[in-house]
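**Q** Hey, dropping entry-v5.txt in here, compact mmCIF, C-alpha atoms:
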```txt
# COMPACT_ATOMS: atom_id res chain seq x y z
CA MET A 1 0.00 0.00 0.00
CA ALA A 2 2.76 2.37 1.01
CA ASN A 3 4.79 1.48 -2.08
CA ARG A 4 1.78 2.22 -4.23
CA GLU A 5 1.37 5.68 -2.69
CA VAL A 6 5.06 6.47 -3.24
CA SER A 7 4.71 5.34 -6.83
CA VAL A 8 1.70 7.62 -7.37
CA ALA A 9 3.55 10.53 -5.77
CA ASN A 10 6.56 9.95 -8.00
CA LYS A 11 4.35 9.90 -11.07
CA GLN A 12 2.75 13.16 -9.98
CA ASP A 13 6.17 14.73 -9.45
CA ALA A 14 7.31 13.50 -12.83
CA ALA A 15 4.19 14.89 -14.50
CA GLN A 16 4.67 18.20 -12.74
CA GLY A 17 8.34 18.28 -13.68
CA SER A 18 7.45 17.50 -17.26
CA GLU A 19 4.92 20.32 -17.19
CA TYR A 20 7.60 22.80 -16.09
CA ASP A 21 10.06 21.38 -18.61
CA GLU A 22 7.50 22.17 -21.27
CA LEU A 23 7.35 25.73 -19.96
CA LEU A 24 11.14 25.88 -20.30
CA SER A 25 10.78 24.68 -23.87
CA ARG A 26 8.19 27.37 -24.57
CA LEU A 27 10.43 29.99 -22.97
CA MET A 28 13.19 29.01 -25.40
CA ASP A 29 10.79 29.96 -28.17
CA GLY A 30 9.56 33.15 -26.48
CA ASP A 31 6.09 31.64 -26.18
CA LEU A 32 5.27 32.30 -22.54
CA ASP A 33 2.55 34.54 -21.17
CA GLU A 34 3.10 36.53 -17.98
CA PHE A 35 1.32 34.06 -15.73
CA SER A 36 3.21 31.05 -17.05
CA MET A 37 6.45 33.00 -16.78
CA GLN A 38 5.82 33.72 -13.11
CA ARG A 39 5.00 30.09 -12.42
CA LEU A 40 8.11 28.92 -14.20
CA LEU A 41 10.46 31.36 -12.48
CA LYS A 42 9.02 30.50 -9.10
CA HIS A 43 9.65 26.82 -9.78
CA VAL A 44 13.17 27.47 -11.10
CA GLY A 45 13.98 29.34 -7.90
CA GLU A 46 12.93 26.33 -5.84
CA ASN A 47 14.26 23.55 -8.03
CA GLU A 48 17.94 23.31 -8.84
CA ALA A 49 17.32 20.56 -11.44
CA MET A 50 15.36 23.03 -13.55
CA ARG A 51 18.47 25.17 -13.98
CA ALA A 52 20.40 22.15 -15.20
CA THR A 53 17.60 21.25 -17.62
CA TRP A 54 17.57 24.79 -19.00
CA GLN A 55 21.35 24.59 -19.41
CA ARG A 56 21.12 21.27 -21.30
CA TYR A 57 18.36 22.53 -23.56
CA GLN A 58 20.52 25.51 -24.48
CA VAL A 59 23.60 23.40 -25.13
CA ASN A 60 21.57 20.91 -27.18
CA ARG A 61 20.20 23.72 -29.30
CA GLN A 62 23.67 25.10 -29.93
CA LEU A 63 24.99 21.68 -30.90
CA MET A 64 21.99 21.03 -33.09
CA LEU A 65 22.67 24.28 -34.95
CA GLY A 66 26.29 23.30 -35.49
CA ALA A 67 28.02 25.33 -32.78
CA ASN A 68 30.55 23.59 -30.63
CA VAL A 69 30.09 24.50 -27.02
CA ALA A 70 31.63 23.26 -23.85
CA PRO A 71 29.92 20.45 -21.96
CA PRO A 72 27.26 21.62 -19.51
CA GLY A 73 28.43 23.15 -16.28
CA LEU A 74 27.00 25.83 -14.05
CA SER A 75 30.09 27.14 -12.32
CA ILE A 76 29.93 30.71 -13.63
CA ALA A 77 26.16 30.94 -13.22
CA ASP A 78 26.45 29.67 -9.65
CA ARG A 79 29.12 32.23 -8.80
CA VAL A 80 27.15 35.08 -10.38
CA ARG A 81 23.99 34.06 -8.57
CA ASP A 82 25.79 33.80 -5.23
CA GLU A 83 27.44 37.18 -5.72
CA LEU A 84 24.16 38.89 -6.65
CA GLU A 85 22.34 37.32 -3.72
CA ARG A 86 25.14 38.43 -1.42
CA ARG A 87 24.54 41.98 -2.61
CA GLY A 88 20.86 41.68 -1.93
CA GLY A 89 19.90 41.29 -5.57
CA ARG A 90 20.03 45.02 -6.22
CA PRO A 91 22.10 46.54 -9.00
CA VAL A 92 24.89 48.77 -7.77
CA ARG A 93 24.40 52.00 -9.64
CA GLN A 94 23.88 55.68 -9.22
CA SER A 95 20.28 56.63 -8.73
CA ALA A 96 18.52 58.20 -11.70
CA TRP A 97 17.83 61.53 -10.01
CA LEU A 98 21.49 61.85 -9.08
CA LYS A 99 22.44 61.37 -12.72
CA GLN A 100 19.99 64.08 -13.75
CA LEU A 101 21.36 66.49 -11.16
CA ARG A 102 24.96 66.05 -12.26
CA PRO A 103 24.86 68.48 -15.24
CA LEU A 104 22.98 71.02 -13.12
CA ALA A 105 25.64 70.80 -10.43
CA VAL A 106 28.37 71.41 -13.00
CA ALA A 107 26.49 74.39 -14.42
CA ALA A 108 25.95 75.84 -10.94
CA SER A 109 29.63 75.42 -10.10
CA VAL A 110 30.68 77.22 -13.28
CA ALA A 111 28.20 80.01 -12.59
CA CYS A 112 29.48 80.45 -9.02
CA LEU A 113 33.05 80.54 -10.24
CA GLY A 114 32.10 83.18 -12.80
CA VAL A 115 30.40 85.35 -10.18
CA VAL A 116 33.35 85.16 -7.79
CA LEU A 117 35.96 85.90 -10.43
CA GLY A 118 33.80 88.65 -11.95
CA SER A 119 33.24 90.40 -8.64
CA GLN A 120 36.93 90.26 -7.80
CA TRP A 121 37.81 91.77 -11.16
CA GLN A 122 35.23 94.52 -10.72
CA GLN A 123 36.55 95.33 -7.28
CA SER A 124 40.07 95.74 -8.56
CA VAL A 125 38.83 98.09 -11.29
CA THR A 126 36.69 100.08 -8.85
CA GLN A 127 39.51 100.55 -6.39
CA GLN A 128 41.62 102.02 -9.16
CA GLU A 129 38.87 104.48 -10.17
CA ALA A 130 37.69 105.52 -6.70
CA PRO A 131 40.06 108.50 -6.21
CA SER A 132 38.92 110.14 -9.44
CA ILE A 133 35.36 110.13 -8.17
CA ALA A 134 36.29 112.00 -5.07
CA ALA A 135 38.40 114.43 -7.04
CA SER A 136 35.71 115.39 -9.53
CA ALA A 137 33.59 118.49 -8.86
CA VAL A 138 30.03 117.38 -8.44
CA PRO A 139 27.42 120.07 -7.82
CA THR A 140 25.53 119.13 -4.74
CA VAL A 141 22.63 120.23 -2.69
CA ARG A 142 23.14 119.27 0.94
CA SER A 143 26.09 117.12 -0.13
CA MET A 144 24.08 114.90 -2.51
CA PRO A 145 24.76 114.58 -6.20
CA VAL A 146 22.32 116.54 -8.30
CA MET A 147 23.50 115.34 -11.71
CA PRO A 148 23.28 111.86 -13.27
CA LEU A 149 26.50 109.96 -12.77
CA ASP A 150 26.77 109.17 -16.44
CA SER A 151 26.76 112.82 -17.39
CA VAL A 152 30.03 113.35 -15.60
CA GLY A 153 31.59 110.11 -16.85
CA LEU A 154 31.27 108.13 -13.64
CA GLN A 155 30.38 104.49 -13.25
CA ALA A 156 28.16 102.81 -10.73
CA ILE A 157 30.01 100.87 -8.06
CA PRO A 158 28.81 97.23 -7.85
CA ALA A 159 27.73 95.70 -4.61
CA SER A 160 29.94 93.04 -3.11
CA PHE A 161 29.29 90.41 -0.50
CA GLU A 162 32.87 90.29 0.54
CA GLN A 163 34.01 93.87 0.85
CA SER A 164 32.11 96.99 1.77
CA GLN A 165 32.38 99.95 -0.52
CA THR A 166 32.38 103.43 0.96
CA LEU A 167 31.48 106.23 -1.43
CA ARG A 168 33.35 109.23 -0.25
CA ALA A 169 31.19 112.33 -0.55
CA PRO A 170 32.63 114.99 -2.88
CA THR A 171 33.69 118.26 -1.30
CA PRO A 172 30.59 120.55 -1.30
CA VAL A 173 30.80 123.74 -3.33
CA PRO A 174 28.83 126.63 -1.65
CA ILE A 175 26.36 128.02 -4.12
CA GLU A 176 23.96 129.48 -1.55
CA GLY A 177 26.00 132.74 -1.39
CA LEU A 178 25.66 133.14 -5.13
CA TYR A 179 21.89 132.87 -4.94
CA GLN A 180 21.72 135.40 -2.09
CA GLU A 181 23.82 137.93 -3.97
CA LEU A 182 21.65 137.53 -7.06
CA ALA A 183 18.47 138.03 -4.99
CA ARG A 184 19.86 141.09 -3.33
CA GLN A 185 20.70 142.68 -6.68
CA ARG A 186 17.24 141.94 -8.06
CA LEU A 187 15.62 143.41 -4.98
CA GLU A 188 17.51 146.63 -5.36
CA LEU A 189 16.54 146.87 -9.01
CA TYR A 190 12.86 146.37 -8.23
CA ALA A 191 13.00 148.96 -5.46
CA GLY A 192 14.54 151.57 -7.73
CA ARG A 193 12.00 150.98 -10.50
CA HIS A 194 9.17 151.12 -8.01
CA ALA A 195 10.34 154.42 -6.71
CA ALA A 196 10.62 155.91 -10.18
CA ALA A 197 7.19 154.73 -11.21
CA GLY A 198 5.64 156.07 -8.02
CA ALA A 199 7.15 159.48 -8.60
CA LEU A 200 5.89 159.68 -12.13
CA HIS A 201 2.27 158.97 -11.13
CA THR A 202 2.08 161.26 -8.09
CA PRO A 203 -0.14 164.45 -8.49
CA THR A 204 1.75 167.66 -9.09
CA THR A 205 0.44 169.39 -5.96
CA LEU A 206 1.94 166.67 -3.87
CA MET A 207 5.20 166.64 -5.64
CA THR A 208 6.75 169.66 -4.08
CA GLY A 209 10.07 168.87 -5.40
CA THR A 210 9.85 165.11 -4.87
CA LEU A 211 9.49 164.35 -8.61
CA ALA A 212 12.50 166.33 -9.42
CA LYS A 213 14.39 164.50 -6.75
CA ALA A 214 13.25 161.06 -8.03
CA GLU A 215 14.05 161.89 -11.62
CA ALA A 216 17.46 162.96 -10.53
CA GLU A 217 18.07 159.63 -8.75
CA ALA A 218 16.76 157.59 -11.71
CA GLY A 219 18.98 159.47 -14.00
CA LYS A 220 21.95 158.45 -11.89
CA ARG A 221 21.21 154.77 -12.36
CA MET B 1 26.65 30.22 -36.42
CA GLY B 2 25.41 33.60 -35.46
CA GLY B 3 25.21 34.53 -31.86
CA GLY B 4 21.46 34.60 -31.80
CA SER B 5 18.26 34.20 -33.72
CA VAL B 6 14.77 35.60 -33.69
CA THR B 7 13.90 32.78 -31.30
CA ASP B 8 16.70 33.75 -28.97
CA GLU B 9 15.79 37.42 -29.08
CA GLU B 10 12.17 36.83 -28.14
CA SER B 11 13.17 34.51 -25.33
CA ASP B 12 15.78 36.99 -24.14
CA ARG B 13 13.31 39.84 -24.24
CA LEU B 14 10.98 38.02 -21.86
CA LEU B 15 13.80 37.28 -19.45
CA VAL B 16 15.40 40.73 -19.69
CA GLU B 17 12.09 42.42 -18.92
CA ARG B 18 11.73 40.33 -15.79
CA ALA B 19 15.36 40.84 -14.80
CA GLN B 20 15.02 44.60 -15.24
CA LYS B 21 12.26 44.48 -12.66
CA GLY B 22 14.74 42.89 -10.26
CA ASP B 23 13.94 39.21 -10.80
CA LEU B 24 17.23 37.43 -10.10
CA ARG B 25 15.86 34.11 -11.30
CA ALA B 26 15.27 35.53 -14.77
CA PHE B 27 18.79 36.93 -14.88
CA ASP B 28 20.08 33.58 -13.66
CA LEU B 29 18.51 31.89 -16.68
CA LEU B 30 20.19 34.44 -18.95
CA VAL B 31 23.54 33.75 -17.31
CA ILE B 32 23.08 29.99 -17.68
CA LYS B 33 22.16 30.46 -21.31
CA TYR B 34 25.14 32.62 -22.23
CA GLN B 35 27.88 31.67 -19.78
CA HIS B 36 29.76 29.40 -22.16
CA ARG B 37 29.57 31.78 -25.08
CA VAL B 38 30.70 34.69 -22.94
CA LEU B 39 33.54 32.60 -21.56
CA SER B 40 34.52 31.67 -25.09
CA VAL B 41 34.77 35.35 -26.08
CA ILE B 42 36.77 36.22 -22.98
CA ARG B 43 39.24 33.41 -23.53
CA ARG B 44 40.32 35.08 -26.73
CA PHE B 45 41.79 37.78 -24.49
CA VAL B 46 42.57 35.91 -21.29
CA SER B 47 44.23 32.57 -21.78
CA ASP B 48 44.24 31.44 -18.16
CA GLY B 49 41.10 29.45 -17.43
CA ASP B 50 40.53 30.60 -13.84
CA GLU B 51 41.20 34.21 -14.75
CA ALA B 52 38.80 33.94 -17.66
CA GLN B 53 36.09 32.64 -15.34
CA ASP B 54 36.67 35.57 -12.98
CA VAL B 55 36.36 38.00 -15.87
CA ALA B 56 33.21 36.23 -17.06
CA GLN B 57 31.71 36.56 -13.61
CA GLU B 58 32.65 40.24 -13.48
CA SER B 59 31.10 40.75 -16.92
CA PHE B 60 27.76 39.31 -15.82
CA ILE B 61 27.78 41.39 -12.64
CA LYS B 62 28.44 44.51 -14.73
CA ALA B 63 25.67 43.51 -17.10
CA PHE B 64 23.26 43.12 -14.21
CA ASN B 65 24.20 46.53 -12.81
CA ALA B 66 23.73 48.12 -16.23
CA LEU B 67 20.64 46.13 -17.17
CA GLU B 68 18.37 49.11 -16.57
CA GLN B 69 20.16 50.96 -19.36
CA PHE B 70 19.52 48.19 -21.88
CA ARG B 71 16.79 49.48 -24.17
CA GLY B 72 16.69 46.64 -26.66
CA ASP B 73 18.23 48.68 -29.50
CA SER B 74 20.49 45.72 -30.17
CA ALA B 75 20.16 42.06 -29.36
CA PHE B 76 20.83 41.22 -25.72
CA TYR B 77 23.69 38.88 -26.54
CA THR B 78 25.41 41.60 -28.61
CA TRP B 79 25.11 44.01 -25.70
CA LEU B 80 26.32 41.35 -23.29
CA PHE B 81 29.28 40.36 -25.46
CA ARG B 82 30.32 44.01 -25.75
CA ILE B 83 30.42 44.23 -21.97
CA ALA B 84 32.42 41.01 -21.79
CA THR B 85 34.89 42.24 -24.41
CA ASN B 86 35.41 45.56 -22.64
CA THR B 87 35.77 43.85 -19.29
CA ALA B 88 38.41 41.50 -20.69
CA LYS B 89 40.34 44.40 -22.22
CA ASN B 90 40.16 46.38 -18.99
CA HIS B 91 41.38 43.31 -17.15
CA LEU B 92 44.43 43.15 -19.39
CA VAL B 93 45.14 46.84 -18.94
CA ALA B 94 44.78 46.53 -15.19
CA ARG B 95 47.27 43.72 -15.16
CA ALA B 96 49.57 45.81 -17.36
CA ARG B 97 49.75 43.06 -19.86
CA ARG B 98 50.23 43.33 -23.54
CA THR B 99 46.89 43.87 -25.25
CA PRO B 100 46.02 41.62 -28.16
CA VAL B 101 47.78 42.50 -31.37
CA VAL B 102 44.54 42.08 -33.32
CA ASP B 103 41.62 43.92 -31.80
CA ILE B 104 38.53 41.72 -31.91
CA ASP B 105 35.41 43.34 -33.29
CA ILE B 106 32.26 42.53 -31.38
CA ASP B 107 30.41 41.42 -34.51
CA ASP B 108 33.26 39.10 -35.41
CA ALA B 109 33.33 37.81 -31.86
CA VAL B 110 29.64 36.99 -32.07
CA SER B 111 29.68 35.37 -35.48
CA GLN B 112 33.01 33.56 -35.28
CA ASP B 113 32.82 29.81 -34.96
CA GLU B 114 32.86 29.11 -31.26
CA GLY B 115 33.99 25.55 -31.79
CA GLU B 116 37.35 26.65 -33.10
CA GLN B 117 37.85 28.72 -29.99
CA LEU B 118 36.83 25.84 -27.81
CA ARG B 119 39.34 23.59 -29.48
CA ASP B 120 41.98 26.27 -29.01
CA HIS B 121 41.46 26.66 -25.31
CA GLU B 122 39.92 23.52 -23.87
CA GLY B 123 41.81 20.36 -23.15
CA PRO B 124 41.53 17.24 -25.32
CA GLU B 125 39.06 15.61 -22.92
CA ALA B 126 36.64 18.50 -23.21
CA VAL B 127 36.98 18.49 -26.97
CA MET B 128 36.25 14.77 -27.10
CA ALA B 129 33.22 15.17 -24.84
CA MET B 130 31.94 17.93 -27.04
CA GLN B 131 32.35 15.81 -30.16
CA GLU B 132 30.53 12.93 -28.51
CA MET B 133 27.65 15.22 -27.63
CA GLU B 134 27.55 16.54 -31.15
CA GLN B 135 27.24 13.04 -32.56
CA ALA B 136 24.64 12.09 -29.97
CA ILE B 137 22.52 15.11 -30.87
CA LYS B 138 22.57 14.32 -34.57
CA ARG B 139 21.70 10.72 -33.91
CA ALA B 140 18.92 11.63 -31.48
CA VAL B 141 17.32 14.07 -33.89
CA ALA B 142 17.54 11.54 -36.72
CA GLU B 143 15.85 8.89 -34.57
CA LEU B 144 12.93 11.08 -33.51
CA PRO B 145 9.44 10.12 -34.71
CA ASP B 146 8.53 12.00 -37.86
CA GLU B 147 6.04 14.42 -36.32
CA LEU B 148 8.43 15.36 -33.52
CA ARG B 149 11.43 15.73 -35.82
CA THR B 150 9.48 17.83 -38.31
CA ALA B 151 8.13 20.18 -35.66
CA LEU B 152 11.53 20.53 -33.95
CA CYS B 153 13.46 21.10 -37.17
CA LEU B 154 10.98 23.65 -38.49
CA ARG B 155 11.45 25.48 -35.23
CA GLU B 156 15.21 25.21 -34.74
CA PHE B 157 16.55 25.26 -38.27
CA ASP B 158 13.94 27.35 -40.05
CA GLY B 159 12.96 29.56 -37.12
CA LEU B 160 9.25 29.30 -37.90
CA SER B 161 6.63 30.42 -35.42
CA TYR B 162 4.28 28.00 -33.73
CA GLU B 163 1.46 29.36 -35.89
CA ASP B 164 3.35 28.70 -39.11
CA ILE B 165 4.34 25.21 -38.00
CA ALA B 166 0.74 24.48 -37.06
CA ALA B 167 -0.37 25.58 -40.52
CA ILE B 168 2.28 23.46 -42.23
CA MET B 169 1.60 20.39 -40.14
CA ASP B 170 -2.15 21.00 -40.17
CA CYS B 171 -2.58 20.67 -36.43
CA PRO B 172 -3.46 22.92 -33.46
CA ILE B 173 -0.81 25.19 -31.95
CA GLY B 174 -1.06 23.28 -28.68
CA THR B 175 -0.03 20.13 -30.52
CA VAL B 176 2.96 21.96 -32.01
CA ARG B 177 4.04 23.12 -28.56
CA SER B 178 3.75 19.57 -27.28
CA ARG B 179 5.63 18.03 -30.21
CA ILE B 180 8.49 20.49 -29.99
CA PHE B 181 8.81 19.92 -26.28
CA ARG B 182 8.68 16.14 -26.61
CA GLY B 183 11.29 16.32 -29.31
CA ARG B 184 13.62 18.35 -27.09
CA GLU B 185 12.96 16.10 -24.14
CA THR B 186 13.77 12.96 -26.13
CA VAL B 187 16.96 14.44 -27.53
CA ASP B 188 17.99 15.58 -24.05
CA LYS B 189 17.51 12.09 -22.63
CA GLN B 190 19.47 10.53 -25.47
CA VAL B 191 22.34 12.95 -25.01
CA ALA B 192 22.30 12.51 -21.23
CA ALA B 193 22.43 8.73 -21.72
CA VAL B 194 25.44 8.98 -24.00
CA MET B 195 27.23 11.38 -21.67
CA ASN B 196 26.51 9.08 -18.71
CA GLY B 197 27.74 6.01 -20.58
CA GLU B 198 24.30 4.53 -21.03
CA ALA B 199 24.48 3.96 -24.74
CA ASN B 200 21.46 1.66 -24.79
CA TYR B 201 19.20 4.14 -23.04
CA GLY B 202 15.63 3.88 -24.24
CA GLN B 203 16.08 0.60 -26.04
```
Rewrite the structure from the file as structure tokens, please.
**A**
Amino acid sequence: MANREVSVANKQDAAQGSEYDELLSRLMDGDLDEFSMQRLLKHVGENEAMRATWQRYQVNRQLMLGANVAPPGLSIADRVRDELERRGGRPVRQSAWLKQLRPLAVAASVACLGVVLGSQWQQSVTQQEAPSIAASAVPTVRSMPVMPLDSVGLQAIPASFEQSQTLRAPTPVPIEGLYQELARQRLELYAGRHAAAGALHTPTTLMTGTLAKAEAEAGKR
Amino acid sequence: MGGGSVTDEESDRLLVERAQKGDLRAFDLLVIKYQHRVLSVIRRFVSDGDEAQDVAQESFIKAFNALEQFRGDSAFYTWLFRIATNTAKNHLVARARRTPVVDIDIDDAVSQDEGEQLRDHEGPEAVMAMQEMEQAIKRAVAELPDELRTALCLREFDGLSYEDIAAIMDCPIGTVRSRIFRGRETVDKQVAAVMNGEANYGQ
């Protein structure tokens, strides 16, 4: 009875093995659907004999087609499988997003280098030109420039993160005295004309020598 | 023979797709399939057998790491052989050895008769075993029942699809699948019997 059960079990195993061998045969021809592929791979992972069968089928095909290949052996495949399993079955590679960032990082580095070198060059030029700014005569009101810088041939001084720039105020030129002198002169002129006009339009009875006096003063001017 | 066929490419495509998703078992089947051919290419650069095996292993590891970049623009075996060739050359450079006088083109490496290389590098015992297997295969195919031999030959030698074979043999596709498999299975048993010294296997 027991022998009969073992015999039945062996036949079932053989039938199952034959079924998977047929899947291997279909895989050789690229004739497997996704479901069958999953079943086959699962079985291959659990059954070492399936790997050997696959190897023999491949060698037989090569020999049948006239190629001379070495007798079956799985040494390299075993070593590769062990090595990949030791690594956890994950490919050792750079992640995709890191690869995409690489050109951006290079571009950013070049840009930073350009900014640093550019600012240093500008600073050296500015330091050379600074004294001429202070020396130029810039009309000011309360010590502030009143003319566009470009009109007197000056350049703007760039900002810098590394060094502070101090714009020395140009020496103020006093123009307030000039305005006061001009106002005083105009006031005197208006006063004289007003006096002359007033004398000319005053009635004769009230003149009593005033007109003559005014005309005499106007004549002096 | 060429390094591959339409049959190989379709089979490889299925396995590569699975391997690209991280299925080690699928990649294992690819390694088993190509390990001897890759080793044969490498031995044109590296004469020492153990060293050649190390380089072959390194080539497959590199291929696995780069598998995500494989887009199927060329056949998988061509891509794989290119990796193997470059790995072998790098190995020689690293060892500061003299590189081969004649640089081997990958297409030549793929199409060149592998048997000649085997005879160049393997010992006489391996060559004899290979010749025995070759004879056993021919005999086994010749002794197959007609329907099995026809289905198998139309598939292997003519590269016909199951549909075309079914049309030629006037039978369902399922029958073609079964006949091709039974043909392969019978040949495999015959060859195994010869290699194990059981010449009268099956009689």
**Q** Go ahead and compute the interatomic distance for CA of Thr186 (chain B) and CA of Leu24 (chain A), in Å to one decimal.
**A**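 Between CA of Thr186 (chain B) and CA of Leu24 (chain A) the gap works out to 14.4 Å.
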**Q** Please tabulate, as a Markdown table, the residues of chain A that come within 8 Å of chain B, each with its closest pair of atoms and the distance in Å to one decimal, counting all atoms listed in the file and ordering rows by chain, then residue number upward.
**A**
```
| residue | atom | partner | partner_atom | distance |
| --- | --- | --- | --- | --- |
| A:Asp21 | CA | B:Phe181 | CA | 7.9 |
| A:Glu22 | CA | B:Phe181 | CA | 5.6 |
| A:Ser25 | CA | B:Phe181 | CA | 5.7 |
| A:Arg26 | CA | B:Arg177 | CA | 7.2 |
| A:Leu27 | CA | B:Ser11 | CA | 5.8 |
| A:Met28 | CA | B:Ser11 | CA | 5.5 |
| A:Asp29 | CA | B:Thr7 | CA | 5.2 |
| A:Gly30 | CA | B:Ser11 | CA | 4.0 |
| A:Asp31 | CA | B:Ser11 | CA | 7.7 |
| A:Leu41 | CA | B:Arg25 | CA | 6.2 |
| A:Val44 | CA | B:Arg25 | CA | 7.2 |
| A:Gly45 | CA | B:Arg25 | CA | 6.2 |
| A:Arg51 | CA | B:Leu29 | CA | 7.2 |
| A:Trp54 | CA | B:Leu29 | CA | 7.5 |
| A:Gln55 | CA | B:Ile32 | CA | 5.9 |
| A:Arg56 | CA | B:Asp188 | CA | 7.1 |
| A:Tyr57 | CA | B:Asp188 | CA | 7.0 |
| A:Gln58 | CA | B:Lys33 | CA | 6.1 |
| A:Asn60 | CA | B:Ile137 | CA | 6.9 |
| A:Arg61 | CA | B:Glu156 | CA | 7.5 |
| A:Leu63 | CA | B:Glu134 | CA | 5.7 |
| A:Met64 | CA | B:Ile137 | CA | 6.3 |
| A:Leu65 | CA | B:Phe157 | CA | 7.0 |
| A:Gly66 | CA | B:Met1 | CA | 7.0 |
| A:Ala67 | CA | B:Gly115 | CA | 6.1 |
| A:Asn68 | CA | B:Gly115 | CA | 4.1 |
| A:Val69 | CA | B:Gly115 | CA | 6.3 |
| A:Ala70 | CA | B:Met130 | CA | 6.2 |
| A:Pro71 | CA | B:Met130 | CA | 6.0 |
| A:Leu74 | CA | B:Ile32 | CA | 6.8 |
| A:Ile76 | CA | B:Gln57 | CA | 6.1 |
| A:Ala77 | CA | B:Ile32 | CA | 5.5 |
| A:Arg79 | CA | B:Gln57 | CA | 7.0 |
| A:Val80 | CA | B:Gln57 | CA | 5.8 |
| A:Arg81 | CA | B:Asp28 | CA | 6.4 |
| A:Leu84 | CA | B:Ile61 | CA | 7.4 |
| A:Gly89 | CA | B:Leu24 | CA | 6.5 |
| A:Arg90 | CA | B:Gly22 | CA | 7.0 |
| A:Pro91 | CA | B:Asn65 | CA | 4.4 |
| A:Val92 | CA | B:Asn65 | CA | 5.6 |
| A:Arg93 | CA | B:Asn65 | CA | 6.3 |
```
**Q** Quick check, in Å to one decimal: how far apart do CA of Ala107 (chain A) and CA of Ser119 (chain A) lie?
**A**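 Taking CA of Ala107 (chain A) as the start and CA of Ser119 (chain A) as the end point, the length is 18.3 Å.
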**Q** What is the CA of Glu85 (chain A)-CA of Ala49 (chain A) distance in Å, reported with one decimal?
**A** 19.1 Å
**Q** Would you pick out the contacts of Ile168 (chain B) at 12 Å or less, using only C-alpha atoms, so that residues sharing its chain but fewer than 3 positions from it are not included, and give the list as a CSV table (one decimal) with C-alpha atoms, in the frame of the given file?
**A**
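After the write, out.csv holds the following:
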```csv
chain,number,residue,atom,x,y,z
B,147,GLU,CA,6.0,14.4,-36.3
B,150,THR,CA,9.5,17.8,-38.3
B,151,ALA,CA,8.1,20.2,-35.7
B,154,LEU,CA,11.0,23.6,-38.5
B,155,ARG,CA,11.4,25.5,-35.2
B,160,LEU,CA,9.2,29.3,-37.9
B,161,SER,CA,6.6,30.4,-35.4
B,162,TYR,CA,4.3,28.0,-33.7
B,163,GLU,CA,1.5,29.4,-35.9
B,164,ASP,CA,3.4,28.7,-39.1
B,165,ILE,CA,4.3,25.2,-38.0
B,171,CYS,CA,-2.6,20.7,-36.4
B,172,PRO,CA,-3.5,22.9,-33.5
B,173,ILE,CA,-0.8,25.2,-32.0
B,176,VAL,CA,3.0,22.0,-32.0
```
